[in-house]
$ cat input-v9.cif   # mmCIF, C-alpha atoms and all ligand atoms
data_target
loop_
_atom_site.label_atom_id
_atom_site.label_comp_id
_atom_site.auth_asym_id
_atom_site.auth_seq_id
_atom_site.Cartn_x
_atom_site.Cartn_y
_atom_site.Cartn_z
CA MET A 1 34.60 -87.62 115.33
CA LEU A 2 36.45 -89.89 112.97
CA GLY A 3 35.45 -91.56 109.75
CA PRO A 4 33.45 -94.74 109.24
CA THR A 5 33.82 -97.56 111.69
CA GLY A 6 35.47 -100.73 110.46
CA THR A 7 36.42 -104.12 111.66
CA THR A 8 40.16 -103.39 111.55
CA ASN A 9 42.27 -101.31 113.95
CA PRO A 10 42.39 -97.59 113.08
CA THR A 11 45.15 -96.44 110.77
CA PRO A 12 47.97 -94.30 112.15
CA GLU A 13 46.45 -91.30 110.30
CA GLU A 14 43.13 -91.81 112.02
CA ILE A 15 44.79 -92.05 115.39
CA MET A 16 46.74 -88.86 114.75
CA GLU A 17 43.49 -87.09 113.89
CA LEU A 18 41.94 -88.35 117.13
CA VAL A 19 44.94 -87.14 119.10
CA ARG A 20 44.78 -83.71 117.42
CA GLN A 21 41.10 -83.34 118.19
CA VAL A 22 41.47 -84.44 121.79
CA ARG A 23 44.43 -82.13 122.36
CA ALA A 24 42.64 -79.18 120.76
CA SER A 25 39.59 -79.66 122.96
CA GLY A 26 41.82 -80.07 126.01
CA ASP A 27 43.59 -76.76 125.25
CA SER A 28 40.38 -74.80 124.90
CA SER A 29 39.07 -76.37 128.11
CA ARG A 30 42.19 -75.24 129.91
CA ALA A 31 41.77 -71.71 128.58
CA ARG A 32 38.16 -71.64 129.76
CA ALA A 33 39.17 -72.94 133.15
CA ILE A 34 40.98 -69.69 134.01
CA GLY A 35 38.86 -67.41 136.14
CA ALA A 36 35.56 -67.66 137.91
CA GLU A 37 34.33 -70.48 135.72
CA ALA A 38 37.20 -72.72 136.80
CA ASN A 39 35.16 -75.32 138.65
CA LYS A 40 32.45 -75.54 136.04
CA ALA A 41 35.02 -75.77 133.25
CA GLY A 42 36.79 -78.57 135.15
CA ALA A 43 33.52 -80.48 135.37
CA ASP A 44 32.82 -79.78 131.68
CA ARG A 45 36.26 -81.07 130.81
CA ALA A 46 35.73 -84.27 132.80
CA GLU A 47 32.40 -84.72 130.98
CA SER A 48 33.96 -84.12 127.58
CA ASP A 49 36.85 -86.46 128.39
CA LYS A 50 34.37 -89.20 129.25
CA LYS A 51 32.54 -88.57 125.98
CA GLU A 52 35.76 -88.81 123.95
CA VAL A 53 36.68 -92.10 125.60
CA ALA A 54 33.15 -93.40 124.89
CA ASP A 55 33.42 -92.27 121.26
CA PHE A 56 36.72 -94.10 120.98
CA PHE A 57 35.10 -97.35 122.01
CA ASP A 58 32.03 -96.78 119.85
CA THR A 59 34.39 -96.32 116.93
CA TYR A 60 36.88 -99.10 117.63
CA GLN A 61 34.92 -101.85 119.28
CA ASN A 62 37.20 -104.57 118.02
CA ASN A 63 40.14 -103.24 120.00
CA THR A 64 39.94 -105.88 122.71
CA GLY A 65 41.57 -109.08 123.66
CA GLY A 66 44.98 -107.93 124.97
CA TYR A 67 46.14 -107.55 128.57
CA ALA A 68 44.22 -104.96 130.58
CA GLY A 69 47.30 -102.81 131.14
CA PHE A 70 50.51 -101.70 129.47
CA PHE A 71 53.05 -103.99 131.16
CA PRO A 72 51.88 -107.31 132.65
CA ASP A 73 55.26 -108.02 134.28
CA HIS A 74 55.60 -104.58 135.84
CA ASP A 75 52.02 -104.65 137.09
CA SER A 76 52.66 -107.95 138.84
CA THR A 77 55.90 -106.58 140.35
CA VAL A 78 54.20 -103.53 141.86
CA MET A 79 51.28 -105.61 143.09
CA GLY A 80 53.82 -107.88 144.79
CA ILE A 81 55.38 -104.83 146.47
CA MET A 82 51.96 -103.84 147.80
CA SER A 83 51.32 -107.28 149.26
CA GLU A 84 54.77 -107.30 150.95
CA VAL A 85 53.32 -104.85 153.48
CA GLY A 86 50.00 -106.64 153.80
CA CYS A 87 48.14 -104.43 151.35
CA GLN A 88 46.20 -106.83 149.11
CA PRO A 89 45.99 -105.29 145.61
CA GLY A 90 42.89 -105.42 143.46
CA PRO A 91 42.96 -104.80 139.69
CA THR A 92 42.18 -101.08 140.04
CA ASP A 93 44.72 -100.36 142.80
CA ILE A 94 47.89 -99.81 140.82
CA ILE A 95 48.90 -99.43 137.15
CA VAL A 96 52.34 -98.98 135.60
CA VAL A 97 52.09 -96.50 132.71
CA PRO A 98 54.42 -96.17 129.72
CA ALA A 99 56.12 -92.79 130.01
CA ASP A 100 56.59 -89.80 132.21
CA VAL A 101 55.16 -87.17 129.93
CA GLY A 102 51.49 -86.66 129.15
CA MET A 103 50.24 -88.07 132.43
CA GLY A 104 51.65 -85.30 134.56
CA LEU A 105 54.38 -87.60 135.86
CA SER A 106 58.10 -86.89 135.85
CA SER A 107 61.01 -89.17 136.57
CA GLY A 108 62.29 -86.66 139.14
CA ALA A 109 59.91 -85.24 141.68
CA ASN A 110 56.67 -86.96 140.81
CA PRO A 111 56.98 -90.46 139.34
CA ALA A 112 53.73 -91.67 140.88
CA VAL A 113 50.36 -90.23 141.71
CA ALA A 114 47.14 -91.44 143.30
CA LEU A 115 44.09 -90.40 141.30
CA MET A 116 41.91 -88.62 143.83
CA THR A 117 39.46 -86.66 141.62
CA GLU A 118 37.05 -87.56 138.81
CA ASP A 119 38.87 -85.02 136.66
CA LYS A 120 42.17 -86.85 137.08
CA VAL A 121 40.57 -90.23 136.39
CA ALA A 122 39.04 -88.89 133.18
CA LEU A 123 42.36 -87.39 132.12
CA PHE A 124 44.26 -90.64 132.54
CA ARG A 125 41.56 -92.61 130.73
CA LYS A 126 41.75 -90.17 127.85
CA ILE A 127 45.53 -90.23 127.59
CA ALA A 128 45.54 -94.03 127.71
CA VAL A 129 43.53 -94.13 124.45
CA THR A 130 45.22 -91.19 122.71
CA ASN A 131 48.93 -90.82 123.54
CA TYR A 132 49.17 -94.56 124.12
CA GLY A 133 46.49 -95.64 121.67
CA PRO A 134 46.63 -98.46 119.14
CA GLY A 135 50.00 -98.77 117.42
CA LYS A 136 51.70 -96.58 120.01
CA VAL A 137 52.70 -99.15 122.61
CA GLU A 138 56.39 -99.72 123.06
CA ASP A 139 58.71 -102.39 121.70
CA GLY A 140 56.18 -104.13 119.48
CA GLU A 141 54.08 -105.18 122.47
CA PRO A 142 50.50 -106.13 121.63
CA ASN A 143 47.85 -103.48 122.06
CA PRO A 144 46.23 -103.55 125.47
CA ASP A 145 42.56 -104.33 125.89
CA TYR A 146 41.68 -100.64 126.06
CA GLN A 147 38.13 -101.17 127.30
CA ALA A 148 39.39 -103.14 130.29
CA LEU A 149 42.44 -100.89 130.80
CA VAL A 150 40.34 -97.75 130.96
CA ALA A 151 38.08 -99.39 133.54
CA ARG A 152 41.10 -99.92 135.80
CA PHE A 153 41.69 -96.16 136.19
CA THR A 154 39.38 -95.14 139.00
CA ILE A 155 39.32 -93.03 142.16
CA GLY A 156 42.19 -94.18 144.36
CA THR A 157 44.21 -95.87 141.58
CA ILE A 158 47.97 -95.46 142.02
CA VAL A 159 49.69 -94.65 138.72
CA ILE A 160 53.41 -95.41 138.52
CA ALA A 161 55.72 -94.22 135.73
CA LYS A 162 57.62 -97.07 134.10
CA SER A 163 60.87 -95.12 134.65
CA LEU A 164 60.55 -95.82 138.38
CA MET A 165 60.71 -99.59 137.84
CA SER A 166 64.52 -99.57 137.68
CA GLN A 167 64.82 -97.85 141.09
CA GLU A 168 63.74 -100.48 143.61
CA PHE A 169 64.38 -98.36 146.71
CA LYS A 170 62.40 -95.36 145.49
CA LEU A 171 59.74 -97.57 143.94
CA LYS A 172 59.09 -99.33 147.24
CA GLY A 173 59.09 -96.12 149.31
CA THR A 174 56.64 -94.56 146.87
CA ILE A 175 54.28 -97.53 146.78
CA TRP A 176 54.44 -98.11 150.53
CA HIS A 177 53.48 -94.50 151.11
CA GLU A 178 50.34 -95.06 149.05
CA CYS A 179 49.76 -98.32 150.92
CA GLY A 180 49.92 -96.29 154.13
CA HIS A 181 46.93 -94.27 152.97
CA LYS A 182 45.08 -97.43 151.99
CA LEU A 183 45.90 -99.60 155.03
CA ARG A 184 45.16 -96.85 157.54
CA GLY A 185 42.14 -95.53 155.66
CA ILE A 186 43.51 -91.96 155.82
CA LYS A 187 43.32 -89.66 152.80
CA GLU A 188 45.35 -86.78 154.28
CA GLU A 189 49.11 -86.62 154.70
CA ALA A 190 48.84 -87.48 158.41
CA GLY A 191 51.52 -88.92 160.72
CA LEU A 192 50.36 -92.55 160.56
CA VAL A 193 50.67 -92.67 156.76
CA PHE A 194 54.38 -91.82 157.06
CA VAL A 195 54.76 -94.27 159.95
CA SER A 196 53.56 -97.03 157.60
CA GLU A 197 55.85 -95.91 154.81
CA ILE A 198 59.03 -95.36 156.85
CA SER A 199 58.68 -98.39 159.10
CA ALA A 200 58.20 -100.60 156.01
CA MET A 201 61.41 -99.11 154.58
CA ARG A 202 63.21 -99.76 157.88
CA ASP A 203 62.02 -103.36 158.00
CA ALA A 204 63.04 -104.01 154.38
CA PHE A 205 66.31 -102.09 154.12
CA GLY A 206 67.47 -101.35 157.69
CA LYS A 207 67.57 -98.30 159.93
CA GLU A 208 70.24 -96.34 158.06
CA ALA A 209 68.51 -96.77 154.72
CA ALA A 210 65.21 -95.72 156.29
CA TYR A 211 66.94 -92.56 157.52
CA GLU A 212 68.30 -91.87 154.02
CA TRP A 213 64.83 -92.34 152.62
CA ALA A 214 63.02 -90.28 155.25
CA LEU A 215 65.35 -87.27 155.31
CA LYS A 216 67.22 -87.22 152.01
CA LEU A 217 66.06 -89.34 149.09
CA GLY A 218 62.32 -89.56 149.56
CA ARG A 219 61.42 -86.74 151.92
CA THR A 220 63.01 -83.90 153.87
CA ALA A 221 62.91 -82.74 157.48
CA ASP A 222 60.91 -79.71 156.40
CA TYR A 223 58.41 -81.98 154.68
CA HIS A 224 57.84 -83.93 157.92
CA ARG A 225 57.47 -80.73 159.92
CA THR A 226 54.88 -79.50 157.43
CA TYR A 227 52.86 -82.71 157.04
CA GLY A 228 53.25 -85.79 159.22
CA LEU A 229 54.41 -84.04 162.39
CA ALA A 230 51.70 -81.41 161.98
CA LYS A 231 48.71 -83.66 161.44
CA ASP A 232 47.15 -86.36 163.61
CA PRO A 233 46.54 -89.22 163.78
CA GLY A 234 50.10 -90.33 164.32
CA ARG A 235 52.15 -87.18 165.03
CA LYS A 236 53.65 -88.77 168.15
CA GLU A 237 54.26 -92.17 166.51
CA LEU A 238 56.04 -90.50 163.57
CA LEU A 239 58.11 -88.36 165.94
CA LEU A 240 59.30 -91.43 167.88
CA LEU A 241 60.02 -93.33 164.67
CA LEU A 242 62.13 -90.43 163.35
CA GLN A 243 63.94 -90.33 166.70
CA GLU A 244 64.69 -94.05 166.32
CA ILE A 245 66.15 -93.83 162.80
CA CYS A 246 67.88 -90.40 162.82
CA PRO A 247 71.35 -89.77 164.23
CA GLU A 248 70.84 -87.91 167.51
CA HIS A 249 72.31 -84.59 166.36
CA VAL A 250 70.08 -84.58 163.25
CA PHE A 251 66.98 -85.28 165.30
CA TYR A 252 68.00 -82.54 167.75
CA ASP A 253 68.64 -79.98 164.98
CA GLU A 254 65.56 -80.74 162.92
CA PHE A 255 62.84 -81.85 165.30
CA ARG A 256 63.60 -80.51 168.77
CA LYS A 257 60.76 -77.98 168.65
CA GLN A 258 58.31 -80.64 167.39
CA TYR A 259 59.45 -82.99 170.17
CA GLU A 260 58.80 -80.37 172.82
CA ASP A 261 55.39 -79.49 171.33
CA ILE A 262 54.22 -83.07 170.99
CA MET A 263 55.78 -84.63 174.11
CA GLY A 264 55.33 -81.58 176.35
CA GLU A 265 58.83 -81.93 177.79
CA PRO A 266 62.33 -80.83 176.85
CA LEU A 267 64.38 -83.10 174.59
CA LYS A 268 67.22 -84.47 176.71
CA LEU A 269 70.66 -84.74 175.18
CA SER A 270 73.19 -87.48 175.63
CA ASP A 271 76.41 -86.28 177.33
CA ASP A 272 78.31 -86.68 174.05
CA LEU A 273 76.00 -84.48 172.05
CA GLY A 274 75.66 -81.94 174.86
CA GLN A 275 79.44 -81.55 174.96
CA ARG A 276 79.68 -81.35 171.22
CA LEU A 277 77.01 -78.64 170.99
CA ARG A 278 78.77 -76.61 173.69
CA LYS A 279 82.02 -76.89 171.78
CA GLU A 280 80.37 -75.87 168.52
CA LYS A 281 78.85 -72.83 170.20
CA GLU A 282 82.24 -71.84 171.59
CA GLU A 283 83.69 -72.13 168.08
CA ARG A 284 80.89 -70.03 166.65
CA ASP A 285 81.37 -67.44 169.35
CA ALA A 286 85.09 -67.38 168.69
CA ALA A 287 84.32 -66.56 165.06
CA ARG A 288 82.43 -63.44 166.16
CA ARG A 289 84.56 -60.32 165.91
CA PRO A 290 84.00 -56.86 167.35
CA VAL A 291 83.24 -54.39 164.56
CA GLU A 292 85.50 -51.42 163.84
CA VAL A 293 85.29 -48.61 161.33
CA GLY A 294 86.31 -50.17 158.02
CA THR A 295 85.13 -53.68 158.93
CA VAL A 296 83.56 -55.33 155.86
CA LEU A 297 81.07 -58.17 156.27
CA THR A 298 79.38 -60.25 153.59
CA GLY A 299 76.43 -62.61 153.98
CA THR A 300 72.71 -63.00 154.30
CA LEU A 301 71.18 -61.39 157.39
CA PRO A 302 71.57 -64.53 159.59
CA GLU A 303 75.16 -64.91 158.36
CA LEU A 304 75.92 -61.28 159.18
CA CYS A 305 74.44 -61.76 162.65
CA ALA A 306 76.72 -64.76 163.24
CA GLN A 307 79.84 -62.66 162.59
CA VAL A 308 79.37 -59.97 165.24
CA PRO A 309 79.12 -60.17 169.05
CA GLU A 310 75.81 -61.68 170.11
CA GLN A 311 74.69 -58.73 172.23
CA ASP A 312 75.12 -56.39 169.21
CA VAL A 313 72.37 -58.19 167.31
CA ALA A 314 69.93 -58.94 170.11
CA GLY A 315 66.29 -58.32 169.19
CA ALA A 316 65.66 -55.36 166.90
CA LEU A 317 69.41 -54.61 166.68
CA GLY A 318 69.84 -57.62 164.39
CA VAL A 319 67.84 -55.98 161.59
CA ILE A 320 69.09 -53.90 158.69
CA ARG A 321 67.31 -50.55 158.47
CA PRO A 322 65.90 -49.14 156.36
CA ALA A 323 64.55 -52.25 154.68
CA GLY A 324 65.12 -52.26 150.93
CA ALA A 325 68.34 -50.19 151.08
CA LYS A 326 70.15 -49.73 147.77
CA LEU A 327 73.79 -49.82 146.79
CA GLY A 328 75.65 -46.90 148.39
CA ASP A 329 72.92 -46.24 150.99
CA THR A 330 73.74 -45.85 154.66
CA VAL A 331 72.00 -48.35 156.94
CA THR A 332 72.04 -49.26 160.61
CA PHE A 333 72.79 -52.78 161.77
CA ALA A 334 74.15 -54.16 165.04
CA GLY A 335 73.99 -50.69 166.59
CA LYS A 336 76.34 -49.24 163.95
CA LYS A 337 76.25 -47.36 160.66
CA TRP A 338 77.25 -49.10 157.44
CA VAL A 339 77.43 -48.32 153.75
CA VAL A 340 75.95 -50.94 151.43
CA ARG A 341 78.85 -51.97 149.15
CA GLY A 342 77.25 -55.00 147.53
CA LEU A 343 73.80 -56.45 146.99
CA GLY A 344 72.99 -59.85 145.56
CA SER A 345 70.87 -62.84 146.33
CA ARG A 346 71.38 -66.42 147.38
CA ALA A 347 68.61 -69.03 147.66
CA GLY A 348 66.00 -66.29 147.64
CA LYS A 349 67.68 -64.28 150.42
CA THR A 350 69.38 -60.91 150.04
CA LEU A 351 73.15 -61.12 150.16
CA TYR A 352 74.77 -57.97 151.57
CA THR A 353 78.27 -56.58 151.64
CA LEU A 354 78.41 -53.90 154.33
CA GLU A 355 81.26 -51.59 155.33
CA CYS A 356 81.14 -50.05 158.78
CA THR A 357 81.48 -46.25 158.84
CA VAL A 358 80.37 -45.32 162.36
CA THR A 359 80.62 -47.60 165.40
CA GLU A 360 79.23 -45.41 168.15
CA LEU A 361 75.61 -44.51 167.65
CA PRO A 362 74.20 -42.40 170.44
CA THR A 363 71.61 -44.49 172.22
CA THR A 364 68.95 -43.02 174.40
CA VAL A 365 66.41 -45.02 176.31
CA VAL A 366 63.65 -43.16 178.04
CA LYS A 367 60.45 -44.24 179.72
CA LYS A 368 57.31 -42.36 178.86
CA GLU A 369 54.66 -43.61 181.26
CA GLU A 370 53.99 -47.21 180.22
CA VAL A 371 56.12 -47.00 177.09
CA TRP A 372 59.87 -47.24 176.62
CA GLU A 373 61.40 -45.31 173.77
CA LYS A 374 64.79 -46.26 172.42
CA THR A 375 66.67 -44.18 169.87
CA VAL A 376 69.76 -45.55 168.14
CA GLY A 377 70.95 -43.25 165.36
CA PRO A 378 68.04 -42.74 163.03
CA ALA A 379 66.10 -45.76 164.32
CA LYS A 380 63.51 -45.42 167.01
CA SER A 381 61.65 -48.28 168.59
CA TYR A 382 59.13 -48.64 171.34
CA GLY A 383 58.28 -51.28 173.89
CA LEU A 384 55.76 -51.73 176.60
CA ALA A 385 57.15 -51.34 180.08
CA GLU A 386 55.16 -54.18 181.52
CA ALA A 387 56.38 -56.88 179.14
CA GLY A 388 59.95 -55.62 178.72
CA PRO A 389 61.17 -52.70 176.69
CA TRP A 390 60.87 -53.93 173.09
CA SER A 391 57.91 -56.24 172.96
CA TYR A 392 55.99 -54.43 170.29
CA THR A 393 58.80 -53.23 168.07
CA ARG A 394 57.39 -55.53 165.44
CA TYR A 395 54.21 -53.46 165.27
CA ILE A 396 56.21 -50.33 164.69
CA ASP A 397 57.94 -52.13 161.81
CA ALA A 398 54.57 -52.47 160.11
CA MET A 399 53.87 -48.75 160.17
CA ASN A 400 55.21 -47.62 156.84
CA ASP A 401 51.59 -47.24 155.86
CA SER A 402 49.73 -44.72 158.03
CA ARG A 403 46.48 -46.63 157.43
CA VAL A 404 47.67 -49.39 159.75
CA VAL A 405 48.29 -47.01 162.67
CA GLU A 406 44.77 -47.18 164.01
CA ALA A 407 44.69 -50.96 163.69
CA VAL A 408 47.96 -51.26 165.58
CA ILE A 409 46.82 -48.95 168.32
CA ALA A 410 43.61 -50.93 168.68
CA LYS A 411 45.61 -54.18 168.88
CA VAL A 412 47.95 -52.84 171.56
CA LEU A 413 45.04 -51.44 173.55
CA GLU A 414 43.30 -54.80 173.38
CA MET A 415 46.39 -56.51 174.80
CA TYR A 416 47.07 -53.78 177.37
CA PRO A 417 43.75 -52.15 178.29
CA GLN A 418 45.41 -50.21 181.12
CA MET A 419 47.42 -48.16 178.59
CA SER A 420 46.09 -44.79 177.63
CA ARG A 421 45.44 -44.08 174.00
CA GLU A 422 46.70 -40.52 174.59
CA THR A 423 50.12 -41.85 175.53
CA LEU A 424 50.30 -44.34 172.73
CA TYR A 425 49.03 -42.29 169.84
CA PRO A 426 51.73 -39.56 169.61
CA LEU A 427 54.47 -42.19 169.88
CA VAL A 428 53.01 -44.23 167.09
CA ARG A 429 52.25 -41.21 164.93
CA ASP A 430 55.80 -39.85 165.37
CA GLU A 431 57.22 -43.17 164.29
CA VAL A 432 55.03 -43.19 161.19
CA THR A 433 55.92 -39.62 160.33
CA ARG A 434 59.61 -40.37 160.71
CA THR A 435 59.41 -43.48 158.56
CA VAL A 436 57.48 -41.72 155.83
CA LYS A 437 59.98 -38.82 155.72
CA GLN A 438 62.95 -41.14 155.24
ZN ZN B 1 50.18 -89.21 150.45
#
$ encode --input "input-v9.cif" --output "C-alpha cells"
Amino acid sequence: MLGPTGTTNPTPEEIMELVRQVRASGDSSRARAIGAEANKAGADRAESDKKEVADFFDTYQNNTGGYAGFFPDHDSTVMGIMSEVGCQPGPTDIIVVPADVGMGLSSGANPAVALMTEDKVALFRKIAVTNYGPGKVEDGEPNPDYQALVARFTIGTIVIAKSLMSQEFKLKGTIWHECGHKLRGIKEEAGLVFVSEISAMRDAFGKEAAYEWALKLGRTADYHRTYGLAKDPGRKELLLLLQEICPEHVFYDEFRKQYEDIMGEPLKLSDDLGQRLRKEKEERDAARRPVEVGTVLTGTLPELCAQVPEQDVAGALGVIRPAGAKLGDTVTFAGKKWVVRGLGSRAGKTLYTLECTVTELPTTVVKKEEVWEKTVGPAKSYGLAEAGPWSYTRYIDAMNDSRVVEAVIAKVLEMYPQMSRETLYPLVRDEVTRTVKQ
C-alpha cells in the first residue's frame, strides 16, 4: 500500500497513487471475471475491495470528524421526500453522491440505484474513498467522515446522483419507487411497488402529471407490460390505477390485452371512443389500395400490410418470401410477385421498397386426407383440416434445416394423434426439399 502513516491528511500525490492502485486491481479483477470463474472473481473482487477500504482507514485514521455523507442538505432533502410517503428513513437508507460517473450512475437513464448485492456495496465504499477521497470533495466542502460514510453504504441503500437534485419531479418519482419496495417489503418489480410509486405521484402532482410520469417521463407502457402488470402481488391494482390516470384511448391501445387477461372480461369502450375507433379503421381501410403491376410500396412489413387490401395479407399471405431476399430478387407478398427495389432499416426493422411485377399468382388448394395444401406461385403451405387450413404453416416456416423435420413431425403428431405419419412425412419432406433448392 502507501507510504508511512502520519497524523496529517494524505497528500494529493499519495491519493493519486491509491487511486491508481485501486483502479489497476479493479481492471484485472474485471478481466478475470470473464468466463467460468465469473462468480468466484466477483466474490474475490468484493473481498479485495473490502481490504482496500480497510487499508485506507488503517493508513488514514485521522480522517474523521466531518459529516457522514457528501451533502448534508441534499441528504436531508431526500430523507424528507421519503417521509412524505410514510417511509421513515434511517441513516443507511439513502445517500446523495457527488457525480454521475464512477458509481455506475448517469444523469439520463439511471440516476439512482438501490445496492442489492455485497459486490455493489463494496464498490460504492471503495469509490467513496478513492474517486471522492480527501481533497476531492466539491466546492471547498470539508472532507466527510469517511469511516462513518462508508458504514452508511449497505445492502438496500438507495444511492442518488447529485444531478437529480435539480429535477424535483423525477427525483420524487425515483425515490418513491424505492420507497414502494421498502414499504411493501417486495424486492421484485411487482405491481404493488409501482402502485406505491404512481399513486404517490398522483397525490403530489395530480392525475395528468402521474400519467406523464407513468407512461412518458419515468416509465413506458412496455415497461409496465413487462414488469408491474406481469408480476403479482398487485397486477390488478396497477392495472386499475393505470386505467384511472390514462386517457381512455391510451389505456385501450396499450393495455387492453392485459385488462382482458387480468380481469377475465372484455374491456368496454365508451360510445365516444368506440365511434372514433370505427372512424379510424374506416380511414385506414380507405388508405388501402388494390395492387396493380407497377405499384411501388415502401415500408416495414406491418406498414406494407397496411397499404394493401386486408384479405390480401391474411395469415401467411402477409409475409415476404423468401426471407432474407436481396436487392433485385423476386419475392412473393400479398399473393403477388414483386421485385425488391430498395432495402434499408428503421428502428431495427427491415425497410422494403417493392415493385409489383405479377398480380395473378395461380393458387391451388387441395386436400390430402387430413392435410390441406395451398400453392401460391413458388410458395407452398400446409394446414391441418381439423383446425382450419393453415394452422401449422408456422412449422413449415421453420423447416429450412432438414434436422428439424423429425421434431416438427413429432410435434404435430403429438397434437393430432389421429394423423398418419405416412401422410404427413412426404408433405413435410417436399417442403424442405423445395426450400433447400431455392
Ligand atoms: Zn424497483
$ closest_atom_pairs --input "input-v9.cif" --of "chain A" --to "ligand ZN 1 (chain B)" --cutoff "10 Å" --atoms "all atoms listed in the file" --output "JSON lines"
{"residue": "A:Val113", "atom": "CA", "partner": "B:ZN1", "partner_atom": "ZN", "distance": 8.8}
{"residue": "A:Ala114", "atom": "CA", "partner": "B:ZN1", "partner_atom": "ZN", "distance": 8.1}
{"residue": "A:Thr174", "atom": "CA", "partner": "B:ZN1", "partner_atom": "ZN", "distance": 9.1}
{"residue": "A:Ile175", "atom": "CA", "partner": "B:ZN1", "partner_atom": "ZN", "distance": 10.0}
{"residue": "A:Trp176", "atom": "CA", "partner": "B:ZN1", "partner_atom": "ZN", "distance": 9.9}
{"residue": "A:His177", "atom": "CA", "partner": "B:ZN1", "partner_atom": "ZN", "distance": 6.3}
{"residue": "A:Glu178", "atom": "CA", "partner": "B:ZN1", "partner_atom": "ZN", "distance": 6.0}
{"residue": "A:Cys179", "atom": "CA", "partner": "B:ZN1", "partner_atom": "ZN", "distance": 9.1}
{"residue": "A:Gly180", "atom": "CA", "partner": "B:ZN1", "partner_atom": "ZN", "distance": 8.0}
{"residue": "A:His181", "atom": "CA", "partner": "B:ZN1", "partner_atom": "ZN", "distance": 6.5}
{"residue": "A:Lys182", "atom": "CA", "partner": "B:ZN1", "partner_atom": "ZN", "distance": 9.8}
{"residue": "A:Ile186", "atom": "CA", "partner": "B:ZN1", "partner_atom": "ZN", "distance": 9.0}
{"residue": "A:Lys187", "atom": "CA", "partner": "B:ZN1", "partner_atom": "ZN", "distance": 7.3}
{"residue": "A:Glu188", "atom": "CA", "partner": "B:ZN1", "partner_atom": "ZN", "distance": 6.6}
{"residue": "A:Glu189", "atom": "CA", "partner": "B:ZN1", "partner_atom": "ZN", "distance": 5.1}
{"residue": "A:Ala190", "atom": "CA", "partner": "B:ZN1", "partner_atom": "ZN", "distance": 8.3}
{"residue": "A:Val193", "atom": "CA", "partner": "B:ZN1", "partner_atom": "ZN", "distance": 7.2}
{"residue": "A:Phe194", "atom": "CA", "partner": "B:ZN1", "partner_atom": "ZN", "distance": 8.3}
{"residue": "A:Glu197", "atom": "CA", "partner": "B:ZN1", "partner_atom": "ZN", "distance": 9.8}
{"residue": "A:Tyr227", "atom": "CA", "partner": "B:ZN1", "partner_atom": "ZN", "distance": 9.6}
{"residue": "A:Gly228", "atom": "CA", "partner": "B:ZN1", "partner_atom": "ZN", "distance": 9.9}
$ atom_distance --input "input-v9.cif" --atom1 "CA of Leu354 in chain A" --atom2 "CA of Leu297 in chain A"
5.4 Å
$ residues_around --input "input-v9.cif" --residues "Leu269 in chain A" --least-positions-apart "3" --cutoff "12 Å" --atoms "all atoms listed in the file" --output "list in words"
Glu248, His249, Val250, Phe251, Tyr252, Asp253, Arg256, Pro266, Asp272, Leu273, Gly274, Gln275, Arg276, Leu277 and Arg278 of chain A
$ residues_around --input "input-v9.cif" --residues "Lys207 in chain A" --least-positions-apart "3" --cutoff "6 Å" --atoms "only C-alpha atoms" --output "JSON, numbers by chain"
{"A": [202, 210, 245]}
$ residues_around --input "input-v9.cif" --residues "range 339-350 of chain A" --least-positions-apart "3" --cutoff "8 Å" --atoms "all atoms listed in the file" --output "PyMOL selection string"
chain A and resi 300-301+325-331+353-357
$ closest_residue --input "input-v9.cif" --among "A:Ala68, A:Ile155, A:Leu238, A:Met79" --to "His224 in chain A" --atoms "only C-alpha atoms"
A:Leu238
$ residues_around --input "input-v9.cif" --residues "range 169-173 of chain A" --least-positions-apart "5" --cutoff "12 Å" --atoms "all atoms listed in the file" --output "PyMOL selection string"
chain A and resi 74+77-85+96+107-112+159-164+178-180+193-206+209-214+216-219
$ write_last_selection --input "input-v9.cif" --atoms "C-alpha atoms" --output "CSV table (one decimal), in the frame of the given file"
chain,number,residue,atom,x,y,z
A,74,HIS,CA,55.6,-104.6,135.8
A,77,THR,CA,55.9,-106.6,140.4
A,78,VAL,CA,54.2,-103.5,141.9
A,79,MET,CA,51.3,-105.6,143.1
A,80,GLY,CA,53.8,-107.9,144.8
A,81,ILE,CA,55.4,-104.8,146.5
A,82,MET,CA,52.0,-103.8,147.8
A,83,SER,CA,51.3,-107.3,149.3
A,84,GLU,CA,54.8,-107.3,151.0
A,85,VAL,CA,53.3,-104.8,153.5
A,96,VAL,CA,52.3,-99.0,135.6
A,107,SER,CA,61.0,-89.2,136.6
A,108,GLY,CA,62.3,-86.7,139.1
A,109,ALA,CA,59.9,-85.2,141.7
A,110,ASN,CA,56.7,-87.0,140.8
A,111,PRO,CA,57.0,-90.5,139.3
A,112,ALA,CA,53.7,-91.7,140.9
A,159,VAL,CA,49.7,-94.6,138.7
A,160,ILE,CA,53.4,-95.4,138.5
A,161,ALA,CA,55.7,-94.2,135.7
A,162,LYS,CA,57.6,-97.1,134.1
A,163,SER,CA,60.9,-95.1,134.6
A,164,LEU,CA,60.6,-95.8,138.4
A,178,GLU,CA,50.3,-95.1,149.0
A,179,CYS,CA,49.8,-98.3,150.9
A,180,GLY,CA,49.9,-96.3,154.1
A,193,VAL,CA,50.7,-92.7,156.8
A,194,PHE,CA,54.4,-91.8,157.1
A,195,VAL,CA,54.8,-94.3,160.0
A,196,SER,CA,53.6,-97.0,157.6
A,197,GLU,CA,55.8,-95.9,154.8
A,198,ILE,CA,59.0,-95.4,156.8
A,199,SER,CA,58.7,-98.4,159.1
A,200,ALA,CA,58.2,-100.6,156.0
A,201,MET,CA,61.4,-99.1,154.6
A,202,ARG,CA,63.2,-99.8,157.9
A,203,ASP,CA,62.0,-103.4,158.0
A,204,ALA,CA,63.0,-104.0,154.4
A,205,PHE,CA,66.3,-102.1,154.1
A,206,GLY,CA,67.5,-101.4,157.7
A,209,ALA,CA,68.5,-96.8,154.7
A,210,ALA,CA,65.2,-95.7,156.3
A,211,TYR,CA,66.9,-92.6,157.5
A,212,GLU,CA,68.3,-91.9,154.0
A,213,TRP,CA,64.8,-92.3,152.6
A,214,ALA,CA,63.0,-90.3,155.2
A,216,LYS,CA,67.2,-87.2,152.0
A,217,LEU,CA,66.1,-89.3,149.1
A,218,GLY,CA,62.3,-89.6,149.6
A,219,ARG,CA,61.4,-86.7,151.9
$ atom_distance --input "input-v9.cif" --atom1 "CA of Ala323 in chain A" --atom2 "CA of Ala306 in chain A"
19.4 Å
